[in-house]
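Before any comments, here is the structure.
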Amino acid sequence: MADALAASLQPRLSQLNADYARAIDDDRLEDWPGYFADPCLYSITSADNHRQGLPAGLMYADSRAMLRDRVAALREANIFERQSYRHLIGLPAVLGETEDGVSAETPFLVVRIMRDGRMDLFATGRYLDAIVTDGDALRFRERVVVCDSGRIDTLLAIPL
Amino acid sequence: MADALAASLQPRLSQLNADYARAIDDDRLEDWPGYFADPCLYSITSADNHRQGLPAGLMYADSRAMLRDRVAALREANIFERQSYRHLIGLPAVLGETEDGVSAETPFLVVRIMRDGRMDLFATGRYLDAIVTDGDALRFRERVVVCDSGRIDTLLAIPL
Amino acid sequence: MADALAASLQPRLSQLNADYARAIDDDRLEDWPGYFADPCLYSITSADNHRQGLPAGLMYADSRAMLRDRVAALREANIFERQSYRHLIGLPAVLGETEDGVSAETPFLVVRIMRDGRMDLFATGRYLDAIVTDGDALRFRERVVVCDSGRIDTLLAIPL
C-alpha cells in the first residue's frame, strides 16, 4: 500500500484504537460491542494456534449480540472487583485496502493492576483487523487478537 | 465528538505528548513546565482517589511557578542520579471540544531503569487533559495524572 | 520546529515505525534492511555510552549489505526458535528538518516472550533517527538505538 495513503488513515485508526482501549480499561464494557460492525468476527487466539491455522480456542463471537452476552457473563461472574487493566496500544500499521474498508495490524500490551497495587505484564500481541466505515465512524468488521504467549487461560477474564 | 474531527487533532496531540515525555526522560526537567499553560492544573492521584472524588494526595500545582519549584526541589534532592525512566505514551483519545481547546485522555506506562540495569514497571495510568492553543503551540491547561495503582509513594521521585 | 509542520509528519512516521516493528516481530528479518537507505547508519548502544560519546559497542552497520549479513548470521545461529519479541513503539517526536529529510526521536519498549509463555521486559530506549524520502517511501538514513539499560549482552539476539 502506498505510504501516503496508509499515513492518511493513521490518525483515524489511532483514535478508534484509543477509544476501544478506553472503554475496556474504564470498565465501560457495555460500550465495547459498539466498536464492532454487525455481523463481525472477534476472536482471541495464541500465536502458535494462529500460525498453525488452528481455531481460536479462547474466545469467539460473530455478532454484537454475542459480544453483549460475553459482557453480561463477565458482569455476572463479577471478576472485575479485584483487578484492573491498562491497554497500551502501539502504532497501527495500515496493511491495505479491502472491499469496503482497510486491513490493519496493531500491537498491544496489557498491564494488570492487582487490588494491592502490584502490576504485571498480562499480555502482549497484535490485533489483525478489518475495519469498515459506518457513516462517520469506523468499526471492526474483524478483530482477531493474537496473543504472543500461549499462557492464556487467565485471559478469559477480560476482552482484549 | 465526530471521529473525523478527533482524528484531525491526533497528530498534534501525539507530537505534544511525545515532546512532553522526552523532556522528562532526557532529564530536561527545566523544560517540563513549558508544556503547561499559565495558570494550569497539574496533579497526580490514584484511580481509587479519583473515583471517590478525593483530592490528589501526591502532587498538585496550579501555575508554572509551582511546577518550576517542584523541579528545583527534585534537583536539590538529587534523586535522579540512581535511576532513569522511560515513558511509553499510548494513543491519545480526543474526547471533545472545550471553550478554548480540546479535552483528551491518554494512557501511559513508565518503566524505571536502575543504575545496575534492572528494569521494572514503575507506573501505568492515564492523563486527563484539557489542552489549549497558544499561538502555534499546544499547552496543557490541565493534566490530571491518574495512576492505576495505589502504591504511589515512590512516585514522588519524578513528574509523570 | 513548528508544531504544525511536525504534526503533519506524525502519521507517516507512525506508519514507518509500525511497519519496521512488524517486520522484526513477525520474524520477517529479511525485510528489515529495506527500511534503511543505502548507505545508512544503524547502531545499538547504551544510554551511558551514548552520553559519554563512546562508540556503539553492540552493533554497527553502515549499509544494507551489512544489515543483510547480520540477518544471515542470526538465521545461522538459529536463536529465534526459543523466543519471540513484541515491540511497542511510542509516539514519534519530530525534532526538525535536515538537508534531505527530518530528524526524529521515538521511544520503544520490547517484551520478550519465552517458549513456555513467560514474558519479561527485554529493553527500553529511544530511536534517534534521520529519515529521508525515497520516492513515495520513507527510509532510515540513520537509526541509532539507545538502550536505557547497560545490561545489553543478550540484546545481540535480535535487531531492535
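Residue numbers start at 1 in each chain; chains themselves are named A, B, ... in the order of the C-alpha cells; ligands are numbered from 1 in the order shown.
Non-sequential neighbours of B:Ile113 (distance at most 9 Å, separation of 5 or more positions within a chain, only C-alpha atoms) are B:Arg82, B:Gln83, B:Ser84, B:Tyr85, B:Arg86, B:Arg118, B:Met119, B:Asp120, C:Thr124, C:Asp148, C:Ser149.
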Next item on the list: Identify all chain B residues at most 9 Å from chain A by counting only C-alpha atoms; ligands do not count. Present them as a ChimeraX atom specification.
Entry: /B:2-4,6-11,88-95,105-109,121-126,148-152
Checklist line | Contact residues around A:Ile44 with only C-alpha atoms at 10 Å, ignoring same-chain residues under 3 positions, as a ChimeraX atom specification | finding: /A:47,50,55-61,127,143-147,152,155-156,159-160
Next item on the list: Could you tell me, as an NGL selection string, which residues of stretch 50-154 of chain B DSSP assigns to helix (DSSP H, G or I) when given the backbone?
Entry: :B and (50-51 or 64-77 or 79-82 or 153-154)
Note to self: Using Å and a single decimal, report how far atom CA of B:Tyr42 sits from atom CA of B:Glu142.
What the structure shows: 5.9 Å
Check: In chain B, what's strand (DSSP E) per DSSP? Answer as number ranges by chain?
Finding: B: 36-46, 59-61, 83-89, 93-98, 101-114, 119-134, 137-147
If you keep C-alpha atoms, can you produce a file of those selected residues as a PDB file, in the first residue's frame?
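File produced: out_33.pdb:
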```pdb
ATOM      1  CA  PHE B  36       1.718  23.892  30.531  1.00  0.00           C
ATOM      2  CA  ALA B  37      -0.424  26.991  30.180  1.00  0.00           C
ATOM      3  CA  ASP B  38      -0.197  29.513  32.994  1.00  0.00           C
ATOM      4  CA  PRO B  39      -2.223  29.235  35.196  1.00  0.00           C
ATOM      5  CA  CYS B  40      -2.677  25.486  34.923  1.00  0.00           C
ATOM      6  CA  LEU B  41      -3.645  22.435  36.893  1.00  0.00           C
ATOM      7  CA  TYR B  42      -1.244  19.551  37.292  1.00  0.00           C
ATOM      8  CA  SER B  43      -1.953  16.811  39.756  1.00  0.00           C
ATOM      9  CA  ILE B  44      -1.077  13.181  40.378  1.00  0.00           C
ATOM     10  CA  THR B  45      -3.604  10.928  42.001  1.00  0.00           C
ATOM     11  CA  SER B  46      -4.606   7.270  42.170  1.00  0.00           C
ATOM     12  CA  MET B  59       1.259  16.231  43.806  1.00  0.00           C
ATOM     13  CA  TYR B  60      -0.577  19.403  42.955  1.00  0.00           C
ATOM     14  CA  ALA B  61       0.423  22.577  41.119  1.00  0.00           C
ATOM     15  CA  GLN B  83      17.774   5.705  38.089  1.00  0.00           C
ATOM     16  CA  SER B  84      16.167   6.744  34.837  1.00  0.00           C
ATOM     17  CA  TYR B  85      12.687   6.456  33.408  1.00  0.00           C
ATOM     18  CA  ARG B  86      11.117   5.682  30.089  1.00  0.00           C
ATOM     19  CA  HIS B  87       7.619   6.891  29.288  1.00  0.00           C
ATOM     20  CA  LEU B  88       5.602   4.982  26.732  1.00  0.00           C
ATOM     21  CA  ILE B  89       2.616   7.137  25.972  1.00  0.00           C
ATOM     22  CA  ALA B  93      -8.232   9.703  22.618  1.00  0.00           C
ATOM     23  CA  VAL B  94      -9.702  13.065  21.731  1.00  0.00           C
ATOM     24  CA  LEU B  95     -12.848  13.396  23.852  1.00  0.00           C
ATOM     25  CA  GLY B  96     -14.384  16.690  22.836  1.00  0.00           C
ATOM     26  CA  GLU B  97     -14.069  20.392  22.352  1.00  0.00           C
ATOM     27  CA  THR B  98     -13.822  22.785  25.268  1.00  0.00           C
ATOM     28  CA  GLY B 101      -9.368  23.896  23.176  1.00  0.00           C
ATOM     29  CA  VAL B 102      -9.958  20.166  23.466  1.00  0.00           C
ATOM     30  CA  SER B 103     -10.173  17.525  26.134  1.00  0.00           C
ATOM     31  CA  ALA B 104      -8.315  14.255  25.708  1.00  0.00           C
ATOM     32  CA  GLU B 105      -7.428  11.125  27.583  1.00  0.00           C
ATOM     33  CA  THR B 106      -4.175   9.314  27.001  1.00  0.00           C
ATOM     34  CA  PRO B 107      -2.820   6.141  28.612  1.00  0.00           C
ATOM     35  CA  PHE B 108       0.778   5.857  29.754  1.00  0.00           C
ATOM     36  CA  LEU B 109       3.265   3.345  31.059  1.00  0.00           C
ATOM     37  CA  VAL B 110       6.533   4.216  32.761  1.00  0.00           C
ATOM     38  CA  VAL B 111       9.454   1.840  33.109  1.00  0.00           C
ATOM     39  CA  ARG B 112      12.149   2.539  35.705  1.00  0.00           C
ATOM     40  CA  ILE B 113      15.725   1.625  34.885  1.00  0.00           C
ATOM     41  CA  MET B 114      18.026   1.211  37.895  1.00  0.00           C
ATOM     42  CA  MET B 119      14.097  -2.572  34.745  1.00  0.00           C
ATOM     43  CA  ASP B 120      10.654  -2.652  36.294  1.00  0.00           C
ATOM     44  CA  LEU B 121       7.154  -1.423  35.596  1.00  0.00           C
ATOM     45  CA  PHE B 122       7.012   1.787  37.586  1.00  0.00           C
ATOM     46  CA  ALA B 123       3.563   3.157  36.823  1.00  0.00           C
ATOM     47  CA  THR B 124       0.624   2.886  34.470  1.00  0.00           C
ATOM     48  CA  GLY B 125      -2.388   5.134  34.189  1.00  0.00           C
ATOM     49  CA  ARG B 126      -3.984   7.805  32.103  1.00  0.00           C
ATOM     50  CA  TYR B 127      -3.684  11.511  31.559  1.00  0.00           C
ATOM     51  CA  LEU B 128      -6.911  13.508  31.698  1.00  0.00           C
ATOM     52  CA  ASP B 129      -6.092  16.622  29.734  1.00  0.00           C
ATOM     53  CA  ALA B 130      -7.543  19.969  28.820  1.00  0.00           C
ATOM     54  CA  ILE B 131      -5.392  21.347  26.018  1.00  0.00           C
ATOM     55  CA  VAL B 132      -5.367  24.889  24.684  1.00  0.00           C
ATOM     56  CA  THR B 133      -3.679  26.519  21.739  1.00  0.00           C
ATOM     57  CA  ASP B 134      -1.026  29.132  22.432  1.00  0.00           C
ATOM     58  CA  ALA B 137       1.795  25.543  20.114  1.00  0.00           C
ATOM     59  CA  LEU B 138      -0.472  23.374  22.229  1.00  0.00           C
ATOM     60  CA  ARG B 139      -0.237  23.512  26.006  1.00  0.00           C
ATOM     61  CA  PHE B 140      -1.823  21.689  28.914  1.00  0.00           C
ATOM     62  CA  ARG B 141      -4.350  23.808  30.752  1.00  0.00           C
ATOM     63  CA  GLU B 142      -4.989  20.742  32.870  1.00  0.00           C
ATOM     64  CA  ARG B 143      -3.147  17.454  33.149  1.00  0.00           C
ATOM     65  CA  VAL B 144      -4.539  15.172  35.818  1.00  0.00           C
ATOM     66  CA  VAL B 145      -2.374  12.065  36.117  1.00  0.00           C
ATOM     67  CA  VAL B 146      -4.453   9.141  37.338  1.00  0.00           C
ATOM     68  CA  CYS B 147      -2.228   6.225  38.343  1.00  0.00           C
TER      69      CYS B 147
END
```
Notebook entry, point to check: What does the distance between atom CA of A:Met66 and atom CA of A:Asp26 come to in Å, to one decimal place?
Noted result: 21.0 Å
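Taking atom CA of B:Gly135 and atom CA of B:Glu99 as endpoints, the distance between them is 16.1 Å.
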